[in-house]
>>> print(open('input.tsv').read())   # TSV, C-alpha atoms
chain	number	residue	atom	x	y	z
I	1	MET	CA	93.67	52.85	74.18
I	2	THR	CA	92.42	54.73	77.26
I	3	GLU	CA	90.78	58.05	76.44
I	4	VAL	CA	92.38	61.04	78.15
I	5	VAL	CA	90.34	64.16	78.92
I	6	GLU	CA	91.82	67.56	79.79
I	7	CYS	CA	90.37	69.65	82.59
I	8	ASP	CA	90.68	73.30	81.58
I	9	LEU	CA	89.18	74.91	84.71
I	10	CYS	CA	92.55	76.06	86.05
I	11	PRO	CA	96.05	76.48	84.58
I	12	HIS	CA	97.18	73.04	85.73
I	13	HIS	CA	95.20	71.58	82.79
I	14	CYS	CA	95.24	68.08	84.26
I	15	LYS	CA	95.00	65.33	81.64
I	16	LEU	CA	92.91	62.54	83.12
I	17	ALA	CA	92.19	58.98	82.12
I	18	GLU	CA	88.81	57.51	83.01
I	19	GLY	CA	88.30	57.55	86.78
I	20	ARG	CA	91.47	59.49	87.59
I	21	THR	CA	91.29	62.65	89.68
I	22	GLY	CA	93.12	65.90	89.03
I	23	PHE	CA	95.63	67.88	91.06
I	24	CYS	CA	92.75	69.32	93.12
I	25	LYS	CA	91.29	65.89	93.98
I	26	ALA	CA	87.83	67.35	93.36
I	27	ARG	CA	87.44	66.69	89.63
I	28	THR	CA	87.56	63.48	87.62
I	29	ALA	CA	87.12	62.06	84.13
I	30	LYS	CA	83.94	60.08	83.55
I	31	GLY	CA	82.50	59.00	80.22
I	32	GLY	CA	84.83	61.27	78.29
I	33	GLU	CA	83.92	64.38	80.34
I	34	ILE	CA	85.29	66.22	83.34
I	35	ILE	CA	82.87	66.19	86.25
I	36	SER	CA	82.93	67.60	89.78
I	37	LEU	CA	83.20	65.08	92.62
I	38	THR	CA	81.93	67.63	95.13
I	39	PHE	CA	78.90	69.16	93.42
I	40	GLY	CA	75.94	69.17	95.79
I	41	GLU	CA	78.08	68.60	98.88
I	42	VAL	CA	79.52	70.95	101.48
I	43	ALA	CA	82.53	70.31	103.70
I	44	SER	CA	81.75	73.25	105.95
I	45	VAL	CA	78.99	75.85	106.31
I	46	HIS	CA	78.69	78.58	108.96
I	47	LEU	CA	77.28	82.04	109.56
I	48	ASP	CA	80.37	84.27	109.92
I	49	PRO	CA	81.14	87.94	110.52
I	50	ILE	CA	82.21	89.44	107.22
I	51	GLU	CA	85.43	90.61	108.92
I	52	LYS	CA	86.44	86.96	109.29
I	53	LYS	CA	86.84	86.53	105.53
I	54	PRO	CA	88.65	88.99	105.90
I	55	LEU	CA	86.75	91.81	104.22
I	56	TYR	CA	87.07	95.11	106.10
I	57	HIS	CA	85.68	97.55	103.54
I	58	PHE	CA	82.54	95.71	102.46
I	59	PHE	CA	79.47	96.06	104.70
I	60	PRO	CA	81.44	96.28	107.98
I	61	GLY	CA	79.69	94.61	110.90
I	62	SER	CA	77.50	92.37	108.74
I	63	TRP	CA	77.16	88.58	108.77
I	64	ILE	CA	77.26	86.20	105.84
I	65	LEU	CA	76.58	82.53	105.22
I	66	SER	CA	79.92	80.91	104.40
I	67	ALA	CA	80.18	77.60	102.58
I	68	GLY	CA	82.88	75.49	100.98
I	69	GLY	CA	83.59	72.08	99.51
I	70	TYR	CA	86.60	69.77	99.56
I	71	GLY	CA	89.79	69.99	97.51
I	72	CYS	CA	92.27	72.61	96.35
I	73	ASN	CA	94.40	73.26	93.27
I	74	LEU	CA	97.44	74.11	95.44
I	75	LYS	CA	99.42	71.96	97.87
I	76	CYS	CA	100.71	74.38	100.49
I	77	PHE	CA	102.65	72.49	103.17
I	78	TYR	CA	101.58	75.10	105.75
I	79	CYS	CA	97.87	75.02	104.79
I	80	GLN	CA	95.59	76.47	107.47
I	81	ASN	CA	92.58	74.48	106.18
I	82	HIS	CA	94.30	71.20	105.28
I	83	GLU	CA	91.52	69.08	106.81
I	84	ILE	CA	89.27	69.91	103.87
I	85	SER	CA	91.66	71.26	101.22
I	86	GLN	CA	93.98	68.27	100.91
I	87	LYS	CA	91.37	65.54	100.67
I	88	VAL	CA	87.93	64.82	99.25
I	89	GLU	CA	85.36	62.80	101.14
I	90	PRO	CA	81.56	62.70	101.22
I	91	GLY	CA	80.19	66.02	102.44
I	92	HIS	CA	76.80	67.12	103.64
I	93	LYS	CA	74.27	66.99	100.82
I	94	VAL	CA	72.97	70.36	99.70
I	95	SER	CA	71.56	71.70	96.45
I	96	PRO	CA	72.24	75.15	94.96
I	97	GLU	CA	68.60	76.01	95.70
I	98	GLN	CA	69.01	75.05	99.35
I	99	LEU	CA	72.23	77.03	99.71
I	100	ALA	CA	70.52	80.06	98.20
I	101	ARG	CA	67.62	79.74	100.66
I	102	PHE	CA	70.01	79.34	103.60
I	103	SER	CA	71.76	82.56	102.54
I	104	GLU	CA	68.57	84.51	103.28
I	105	GLU	CA	68.24	83.22	106.84
I	106	ASP	CA	69.25	84.83	110.13
I	107	GLU	CA	71.28	88.01	109.57
I	108	SER	CA	73.09	86.91	106.42
I	109	ILE	CA	73.54	89.45	103.62
I	110	GLY	CA	74.21	86.66	101.10
I	111	ILE	CA	76.77	83.91	100.59
I	112	CYS	CA	80.55	83.62	100.70
I	113	PHE	CA	82.30	80.74	98.95
I	114	THR	CA	85.34	80.03	101.10
I	115	TYR	CA	87.15	77.69	103.54
I	116	SER	CA	88.91	75.33	101.09
I	117	GLU	CA	89.45	76.47	97.49
I	118	PRO	CA	86.02	77.41	96.15
I	119	LEU	CA	87.13	77.71	92.53
I	120	VAL	CA	87.48	73.92	92.23
I	121	TRP	CA	83.79	73.91	93.31
I	122	TYR	CA	83.09	75.97	90.20
I	123	GLU	CA	79.88	74.29	89.06
I	124	MET	CA	78.33	74.73	92.51
I	125	ILE	CA	79.20	78.43	92.56
I	126	ALA	CA	77.97	78.93	89.00
I	127	ARG	CA	74.60	77.40	89.88
I	128	THR	CA	74.17	79.01	93.30
I	129	ALA	CA	75.41	82.57	92.75
I	130	PRO	CA	72.69	83.63	90.25
I	131	LEU	CA	70.00	82.37	92.65
I	132	VAL	CA	71.43	84.41	95.51
I	133	LYS	CA	71.68	87.51	93.32
I	134	LYS	CA	68.08	87.06	92.19
I	135	GLN	CA	67.04	87.12	95.85
I	136	GLY	CA	68.92	90.39	96.34
I	137	GLY	CA	71.81	88.83	98.25
I	138	LYS	CA	75.53	89.50	97.96
I	139	VAL	CA	77.99	86.94	96.57
I	140	LEU	CA	81.54	86.83	97.92
I	141	LEU	CA	84.60	84.74	97.07
I	142	VAL	CA	87.63	83.93	99.21
I	143	SER	CA	90.13	82.20	96.96
I	144	ASN	CA	93.72	81.53	95.92
I	145	GLY	CA	92.79	83.07	92.57
I	146	ILE	CA	93.86	80.15	90.40
I	147	ILE	CA	91.37	79.75	87.56
I	148	GLU	CA	91.41	80.13	83.80
I	149	GLU	CA	90.22	83.47	82.50
I	150	LYS	CA	87.09	82.31	80.70
I	151	TYR	CA	85.70	80.73	83.85
I	152	LEU	CA	86.58	83.78	85.93
I	153	GLU	CA	84.80	86.00	83.41
I	154	ASN	CA	81.71	83.81	83.79
I	155	LEU	CA	81.68	84.39	87.55
I	156	ILE	CA	82.51	88.10	87.70
I	157	PRO	CA	78.97	89.35	86.86
I	158	PHE	CA	77.67	87.55	89.96
I	159	LEU	CA	80.44	88.59	92.37
I	160	ASP	CA	80.15	91.56	94.72
I	161	ALA	CA	83.43	91.16	96.61
I	162	ALA	CA	86.47	88.92	96.77
I	163	ASN	CA	89.49	88.32	98.97
I	164	ILE	CA	92.35	86.81	97.01
I	165	ASP	CA	95.26	85.13	98.74
I	166	ILE	CA	98.60	86.21	97.29
I	167	LYS	CA	100.85	83.78	99.11
I	168	GLY	CA	104.18	85.34	98.23
I	169	PHE	CA	105.64	87.64	95.62
I	170	THR	CA	108.17	85.37	93.92
I	171	GLU	CA	107.72	82.56	91.45
I	172	GLU	CA	110.19	80.55	93.52
I	173	PHE	CA	107.91	80.68	96.56
I	174	TYR	CA	104.92	79.47	94.56
I	175	ARG	CA	106.90	76.74	92.81
I	176	LYS	CA	108.61	75.36	95.94
I	177	HIS	CA	105.83	75.75	98.49
I	178	THR	CA	102.46	75.68	96.72
I	179	GLY	CA	102.66	73.82	93.42
I	180	GLY	CA	101.31	76.84	91.57
I	181	LYS	CA	102.58	79.98	89.85
I	182	LEU	CA	102.51	83.58	90.99
I	183	GLU	CA	101.62	84.81	87.51
I	184	TRP	CA	98.35	82.85	87.62
I	185	VAL	CA	97.23	84.69	90.75
I	186	LEU	CA	98.34	88.16	89.67
I	187	ARG	CA	96.40	87.75	86.44
I	188	THR	CA	93.23	87.01	88.40
I	189	VAL	CA	93.70	90.02	90.68
I	190	GLU	CA	94.23	92.28	87.66
I	191	LYS	CA	90.96	91.03	86.17
I	192	LEU	CA	88.95	91.22	89.39
I	193	ALA	CA	90.00	94.50	91.00
I	194	PRO	CA	88.52	96.92	88.42
I	195	LYS	CA	85.16	95.08	88.44
I	196	VAL	CA	84.69	93.61	91.93
I	197	HIS	CA	85.45	94.96	95.41
I	198	THR	CA	88.79	93.25	96.10
I	199	GLU	CA	90.89	92.75	99.20
I	200	ILE	CA	94.13	90.77	99.45
I	201	THR	CA	95.52	88.47	102.15
I	202	THR	CA	99.12	87.33	102.58
I	203	LEU	CA	100.08	84.86	105.31
I	204	VAL	CA	103.53	86.08	106.38
I	205	ILE	CA	105.78	83.06	107.04
I	206	PRO	CA	109.22	83.62	108.62
I	207	THR	CA	112.16	82.98	106.24
I	208	LEU	CA	109.85	82.13	103.31
I	209	ASN	CA	108.04	85.30	102.24
I	210	ASP	CA	108.80	87.92	104.90
I	211	SER	CA	111.69	89.85	103.41
I	212	PRO	CA	111.21	93.65	103.37
I	213	ASP	CA	111.98	93.75	99.65
I	214	GLU	CA	109.28	91.19	98.89
I	215	ILE	CA	106.68	93.01	100.97
I	216	LYS	CA	107.58	96.34	99.36
I	217	GLY	CA	107.47	94.73	95.93
I	218	LEU	CA	103.96	93.36	96.42
I	219	ALA	CA	102.76	96.60	98.03
I	220	SER	CA	104.06	98.55	95.03
I	221	TRP	CA	102.36	96.15	92.61
I	222	LEU	CA	99.03	96.42	94.45
I	223	ALA	CA	99.28	100.21	94.49
I	224	LYS	CA	99.51	100.26	90.70
I	225	LEU	CA	96.29	98.31	90.08
I	226	ASP	CA	93.43	100.02	88.27
I	227	ALA	CA	91.35	99.99	91.47
I	228	PRO	CA	91.93	100.36	95.23
I	229	VAL	CA	92.44	97.31	97.42
I	230	ALA	CA	92.96	96.59	101.11
I	231	TRP	CA	95.83	94.31	102.13
I	232	HIS	CA	95.74	91.95	105.12
I	233	LEU	CA	99.16	90.82	106.35
I	234	SER	CA	98.30	87.80	108.45
I	235	ARG	CA	100.38	86.29	111.23
I	236	TYR	CA	101.39	82.69	110.55
I	237	PHE	CA	101.22	79.86	113.11
I	238	PRO	CA	102.62	76.33	112.57
I	239	MET	CA	100.10	74.13	110.79
I	240	TYR	CA	99.86	70.93	108.75
I	241	GLN	CA	103.40	69.89	107.69
I	242	CYS	CA	105.12	73.15	108.65
I	243	ASP	CA	106.89	73.64	112.00
I	244	ILE	CA	108.47	77.05	111.37
I	245	PRO	CA	107.93	79.19	114.50
I	246	PRO	CA	105.11	81.79	114.41
I	247	THR	CA	105.68	85.18	112.85
I	248	GLU	CA	107.03	87.64	115.41
I	249	GLU	CA	104.58	90.45	116.08
I	250	LYS	CA	107.37	93.03	115.98
I	251	LYS	CA	108.45	91.85	112.53
I	252	LEU	CA	104.89	91.93	111.24
I	253	ARG	CA	104.42	95.49	112.48
I	254	GLU	CA	107.62	96.51	110.71
I	255	LEU	CA	106.35	95.02	107.46
I	256	TRP	CA	103.03	96.79	107.99
I	257	GLY	CA	104.94	100.07	108.20
I	258	LEU	CA	106.67	99.37	104.88
I	259	ALA	CA	103.39	98.47	103.18
I	260	LYS	CA	101.70	101.62	104.47
I	261	ASP	CA	104.15	103.69	102.43
I	262	TYR	CA	102.37	102.36	99.33
I	263	LEU	CA	98.79	101.58	100.36
I	264	PRO	CA	96.27	103.48	102.51
I	265	TYR	CA	94.54	100.41	103.93
I	266	VAL	CA	96.83	97.73	105.41
I	267	TYR	CA	95.86	95.42	108.26
I	268	LEU	CA	97.48	92.87	110.56
I	269	GLY	CA	95.63	89.57	110.88
I	270	ASN	CA	95.79	86.99	113.69
I	271	MET	CA	97.12	89.51	116.20
I	272	ALA	CA	95.66	92.19	118.44
I	273	GLY	CA	95.63	95.81	117.41
I	274	GLY	CA	95.89	95.43	113.67
I	275	ASN	CA	92.29	95.47	112.51
I	276	ASN	CA	91.10	99.07	112.88
I	277	THR	CA	90.67	101.40	109.93
I	278	TYR	CA	92.25	104.86	109.97
I	279	CYS	CA	91.56	107.78	107.70
I	280	PRO	CA	94.33	107.92	105.07
I	281	GLN	CA	94.18	111.73	105.15
I	282	CYS	CA	94.08	112.78	108.82
I	283	GLY	CA	94.85	109.49	110.58
I	284	SER	CA	91.68	109.43	112.68
I	285	GLU	CA	90.18	106.08	113.63
I	286	VAL	CA	87.13	105.61	111.40
I	287	ILE	CA	86.28	101.95	112.09
I	288	LYS	CA	87.03	100.24	115.41
I	289	ARG	CA	86.75	96.45	115.31
I	290	GLY	CA	86.27	94.54	118.55
I	291	ARG	CA	83.37	92.52	119.83
I	292	GLU	CA	81.29	95.15	118.08
I	293	ILE	CA	82.03	97.36	115.07
I	294	THR	CA	82.07	101.09	115.81
I	295	MET	CA	81.90	103.45	112.85
I	296	HIS	CA	83.22	107.02	113.05
I	297	THR	CA	82.02	108.01	109.61
I	298	LYS	CA	79.27	110.15	108.16
I	299	ASP	CA	77.98	109.47	104.65
I	300	SER	CA	80.96	107.11	104.16
I	301	LYS	CA	83.40	109.91	105.04
I	302	CYS	CA	85.74	110.53	107.94
I	303	GLN	CA	83.89	112.52	110.60
I	304	ARG	CA	86.95	114.63	111.29
I	305	CYS	CA	88.21	115.70	107.87
I	306	GLY	CA	85.57	114.53	105.39
I	307	LYS	CA	87.84	112.17	103.46
I	308	GLU	CA	85.95	109.43	101.58
I	309	ILE	CA	86.69	106.02	103.08
I	310	TRP	CA	86.98	103.40	100.36
I	311	GLY	CA	84.21	100.83	100.25
I	312	ILE	CA	82.24	102.11	103.21
I	313	GLY	CA	79.66	103.75	100.94
I	314	LEU	CA	78.59	100.30	99.72
I	315	GLN	CA	76.08	100.15	102.55
>>> encode(input="input.tsv", output="structure tokens")
Amino acid sequence: MTEVVECDLCPHHCKLAEGRTGFCKARTAKGGEIISLTFGEVASVHLDPIEKKPLYHFFPGSWILSAGGYGCNLKCFYCQNHEISQKVEPGHKVSPEQLARFSEEDESIGICFTYSEPLVWYEMIARTAPLVKKQGGKVLLVSNGIIEEKYLENLIPFLDAANIDIKGFTEEFYRKHTGGKLEWVLRTVEKLAPKVHTEITTLVIPTLNDSPDEIKGLASWLAKLDAPVAWHLSRYFPMYQCDIPPTEEKKLRELWGLAKDYLPYVYLGNMAGGNNTYCPQCGSEVIKRGREITMHTKDSKCQRCGKEIWGIGLQ
């Protein structure tokens, strides 16, 4: 009888016979154990502006080494990174020690695990993050948030900031369009936000997750967390297997207005004019983001009224 091994890294809990791969394509059963197929390999590595993550309230204007492997524990038919998320192939060889050294080079403030779904690259993160922290670097995570609690708790002490993708605010959306569950992601955000600087991204897709009620519902939920967050409403463009027309800019601005009734820091991604930070008290522009980042703050406060701007004091 073929031995079956359960992978308990994420809530899918794939049960794998010898040599079979899980939902994420990045983990397999070998010799009665679950092993990573992507450990020691990168699919993509770049030096990026931190705003590209996007993280707008964590060391604005800085640069960070960004790295990711192959595979993902969701199957979004509109995936913006499907070239590396929906397959696993040999990557560029790199050790945790090498990644940690690379994170000290150029202008990088540390390392960001991103691009595909970094949580299925768990062993690589768990080995690399402590090395980066020991060097004095920052460790960031850009993720769909789908991981079992015990593994998340193992990572939290090494994380400085995270951007979690909440793809929609209904279980139906997650079930029909991602292969996951909303409750899995919300649980992660609830665990992260009080302990790690957290920002949220939602790709707004026409007819699927763009109803005013859904946006207001998620904004209200985020506002009730035990810690502040910034929310990035990102404009969708057709990608992968999805041919729905792009999000209309007018509609996205309307949704931004609804979200701002609940949250002080809401941004519009993938469109001009939505990335500046304004003081939640007096409305003055405190961070202007263009080719360069211009700060209108003093001691992390608005120059005009003195209101503390969340996250800016991290510098």
>>> closest_atom_pairs(input="input.tsv", of="segment 55-159 of chain I", to="segment 284-294 of chain I", cutoff="12 Å", atoms="all atoms listed in the file", output="tab-separated table")
residue	atom	partner	partner_atom	distance
I:Tyr56	CA	I:Ile287	CA	9.1
I:His57	CA	I:Ile287	CA	9.6
I:Phe59	CA	I:Ile293	CA	10.8
I:Pro60	CA	I:Ile293	CA	7.2
I:Gly61	CA	I:Ile293	CA	5.5
I:Ser62	CA	I:Ile293	CA	9.2
I:Trp63	CA	I:Ile293	CA	11.9
>>> residues_around(input="input.tsv", residues="Lys307 of chain I", least_positions_apart="6", cutoff="9 Å", atoms="all atoms listed in the file", output="list in words")
Cys279, Pro280, Gln281, Cys282, Ser300 and Lys301 of chain I
>>> closest_residue(input="input.tsv", among="I:Ala230, I:Ile244, I:Ile146, I:Val94", to="Val204 of chain I", atoms="only C-alpha atoms")
I:Ile244
>>> atom_distance(input="input.tsv", atom1="atom CA of Lys251 of chain I", atom2="atom CA of Phe173 of chain I")
19.5 Å
>>> closest_residue(input="input.tsv", among="I:Asn154, I:Thr21, I:Gln303, I:Asn144", to="Cys76 of chain I", atoms="only C-alpha atoms")
I:Asn144
>>> residues_around(input="input.tsv", residues="Ala227 of chain I", least_positions_apart="2", cutoff="9 Å", atoms="only C-alpha atoms", output="list in words")
Ala193, Pro194, Lys195, His197, Thr198, Leu222, Ala223, Lys224, Leu225 and Val229 of chain I
>>> residues_around(input="input.tsv", residues="His177 of chain I", least_positions_apart="5", cutoff="10 Å", atoms="all atoms listed in the file", output="list of chain:residue names")
I:Leu74, I:Lys75, I:Cys76, I:Phe77, I:Tyr78, I:Lys167, I:Gly168, I:Glu171, I:Glu172, I:Leu208
>>> atom_distance(input="input.tsv", atom1="atom CA of Tyr265 of chain I", atom2="atom CA of Thr277 of chain I")
7.2 Å
>>> atom_distance(input="input.tsv", atom1="atom CA of Asn276 of chain I", atom2="atom CA of Lys298 of chain I")
16.9 Å
>>> closest_residue(input="input.tsv", among="I:Ile215, I:Leu37, I:Ile205, I:Leu16", to="Asp243 of chain I", atoms="all atoms listed in the file")
I:Ile205
>>> closest_residue(input="input.tsv", among="I:Glu254, I:Glu199, I:Asp8, I:Asp299", to="Asp165 of chain I", atoms="all atoms listed in the file")
I:Glu199
>>> closest_residue(input="input.tsv", among="I:Cys7, I:Val189, I:Ile111, I:Leu55", to="Ile35 of chain I", atoms="only C-alpha atoms")
I:Cys7
>>> closest_residue(input="input.tsv", among="I:Val139, I:Ile166, I:Leu192, I:Leu99", to="Phe58 of chain I", atoms="all atoms listed in the file")
I:Val139
>>> residues_around(input="input.tsv", residues="segment 210-212 of chain I", least_positions_apart="5", cutoff="12 Å", atoms="all atoms listed in the file", output="number ranges by chain")
I: 167-170, 173, 202-205, 217-219, 233-236, 246-248, 251-259
>>> write_last_selection(input="input.tsv", atoms="C-alpha atoms", output="compact mmCIF listing (two decimals), in the coordinates of the input")
# COMPACT_ATOMS: atom_id res chain seq x y z
CA LYS I 167 100.85 83.78 99.11
CA GLY I 168 104.18 85.34 98.23
CA PHE I 169 105.64 87.64 95.62
CA THR I 170 108.17 85.37 93.92
CA PHE I 173 107.91 80.68 96.56
CA THR I 202 99.12 87.33 102.58
CA LEU I 203 100.08 84.86 105.31
CA VAL I 204 103.53 86.08 106.38
CA ILE I 205 105.78 83.06 107.04
CA GLY I 217 107.47 94.73 95.93
CA LEU I 218 103.96 93.36 96.42
CA ALA I 219 102.76 96.60 98.03
CA LEU I 233 99.16 90.82 106.35
CA SER I 234 98.30 87.80 108.45
CA ARG I 235 100.38 86.29 111.23
CA TYR I 236 101.39 82.69 110.55
CA PRO I 246 105.11 81.79 114.41
CA THR I 247 105.68 85.18 112.85
CA GLU I 248 107.03 87.64 115.41
CA LYS I 251 108.45 91.85 112.53
CA LEU I 252 104.89 91.93 111.24
CA ARG I 253 104.42 95.49 112.48
CA GLU I 254 107.62 96.51 110.71
CA LEU I 255 106.35 95.02 107.46
CA TRP I 256 103.03 96.79 107.99
CA GLY I 257 104.94 100.07 108.20
CA LEU I 258 106.67 99.37 104.88
CA ALA I 259 103.39 98.47 103.18
>>> axis_aligned_box(input="input.tsv", around="segment 42-58 of chain I", padding_each_side="8 Å", output="JSON")
{"center_x": 83.0, "center_y": 83.9, "center_z": 106.0, "size_x": 27.4, "size_y": 43.2, "size_z": 25.0}
>>> residues_near_point(input="input.tsv", point="(69.0, 89.5, 107.6)", cutoff="10 Å", atoms="all atoms listed in the file", output="list in words")
Ser62, Trp63, Ile64, Ser103, Glu104, Glu105, Asp106, Glu107, Ser108, Ile109, Gly110 and Gly137 of chain I
>>> residues_around(input="input.tsv", residues="Lys134 of chain I", least_positions_apart="4", cutoff="10 Å", atoms="all atoms listed in the file", output="list in words")
Ala100, Ala129, Pro130, Lys138 and Phe158 of chain I
>>> write_last_selection(input="input.tsv", atoms="C-alpha atoms", output="short mmCIF file (atom, residue, chain, number, x, y, z; two decimals), in the coordinates of the input")
data_model
loop_
_atom_site.label_atom_id
_atom_site.label_comp_id
_atom_site.auth_asym_id
_atom_site.auth_seq_id
_atom_site.Cartn_x
_atom_site.Cartn_y
_atom_site.Cartn_z
CA ALA I 100 70.52 80.06 98.20
CA ALA I 129 75.41 82.57 92.75
CA PRO I 130 72.69 83.63 90.25
CA LYS I 138 75.53 89.50 97.96
CA PHE I 158 77.67 87.55 89.96
#
>>> decode(input="input.tsv", residues="segment 169-191 of chain I", atoms="N, CA and C atoms", output="short mmCIF file (atom, residue, chain, number, x, y, z; two decimals), in the first residue's frame")
data_model
loop_
_atom_site.label_atom_id
_atom_site.label_comp_id
_atom_site.auth_asym_id
_atom_site.auth_seq_id
_atom_site.Cartn_x
_atom_site.Cartn_y
_atom_site.Cartn_z
N PHE I 169 -14.04 40.08 -0.63
CA PHE I 169 -14.55 40.01 0.74
C PHE I 169 -15.78 39.11 0.83
N THR I 170 -15.82 38.07 -0.01
CA THR I 170 -16.86 37.05 0.11
C THR I 170 -16.23 35.68 -0.04
N GLU I 171 -16.79 34.72 0.66
CA GLU I 171 -16.31 33.35 0.50
C GLU I 171 -16.58 32.85 -0.92
N GLU I 172 -17.66 33.32 -1.53
CA GLU I 172 -17.99 32.90 -2.89
C GLU I 172 -16.88 33.30 -3.86
N PHE I 173 -16.37 34.53 -3.72
CA PHE I 173 -15.29 34.97 -4.60
C PHE I 173 -14.08 34.05 -4.47
N TYR I 174 -13.66 33.79 -3.24
CA TYR I 174 -12.50 32.94 -3.03
C TYR I 174 -12.74 31.53 -3.57
N ARG I 175 -13.91 30.98 -3.31
CA ARG I 175 -14.20 29.62 -3.75
C ARG I 175 -14.23 29.51 -5.27
N LYS I 176 -14.89 30.44 -5.94
CA LYS I 176 -15.08 30.35 -7.39
C LYS I 176 -13.84 30.78 -8.17
N HIS I 177 -13.06 31.74 -7.64
CA HIS I 177 -12.03 32.36 -8.46
C HIS I 177 -10.60 32.16 -7.98
N THR I 178 -10.43 31.55 -6.81
CA THR I 178 -9.05 31.39 -6.30
C THR I 178 -8.72 29.98 -5.83
N GLY I 179 -9.72 29.20 -5.46
CA GLY I 179 -9.45 27.88 -4.88
C GLY I 179 -9.11 27.94 -3.41
N GLY I 180 -9.30 29.09 -2.78
CA GLY I 180 -9.01 29.21 -1.35
C GLY I 180 -10.24 29.64 -0.57
N LYS I 181 -10.02 30.12 0.65
CA LYS I 181 -11.12 30.58 1.50
C LYS I 181 -10.76 31.92 2.12
N LEU I 182 -11.73 32.81 2.14
CA LEU I 182 -11.54 34.13 2.73
C LEU I 182 -11.14 34.02 4.20
N GLU I 183 -11.75 33.11 4.92
CA GLU I 183 -11.48 33.01 6.36
C GLU I 183 -10.01 32.72 6.65
N TRP I 184 -9.35 31.98 5.75
CA TRP I 184 -7.93 31.69 5.93
C TRP I 184 -7.10 32.98 5.94
N VAL I 185 -7.43 33.87 5.02
CA VAL I 185 -6.67 35.11 4.86
C VAL I 185 -6.96 36.09 6.00
N LEU I 186 -8.22 36.23 6.36
CA LEU I 186 -8.58 37.14 7.45
C LEU I 186 -7.91 36.72 8.75
N ARG I 187 -7.82 35.44 8.98
CA ARG I 187 -7.16 34.94 10.19
C ARG I 187 -5.69 35.37 10.23
N THR I 188 -5.02 35.30 9.09
CA THR I 188 -3.62 35.71 9.02
C THR I 188 -3.47 37.20 9.29
N VAL I 189 -4.34 38.01 8.68
CA VAL I 189 -4.27 39.46 8.89
C VAL I 189 -4.49 39.79 10.36
N GLU I 190 -5.44 39.13 10.99
CA GLU I 190 -5.71 39.37 12.41
C GLU I 190 -4.49 39.04 13.28
N LYS I 191 -3.75 38.01 12.90
CA LYS I 191 -2.55 37.63 13.65
C LYS I 191 -1.39 38.59 13.39
#
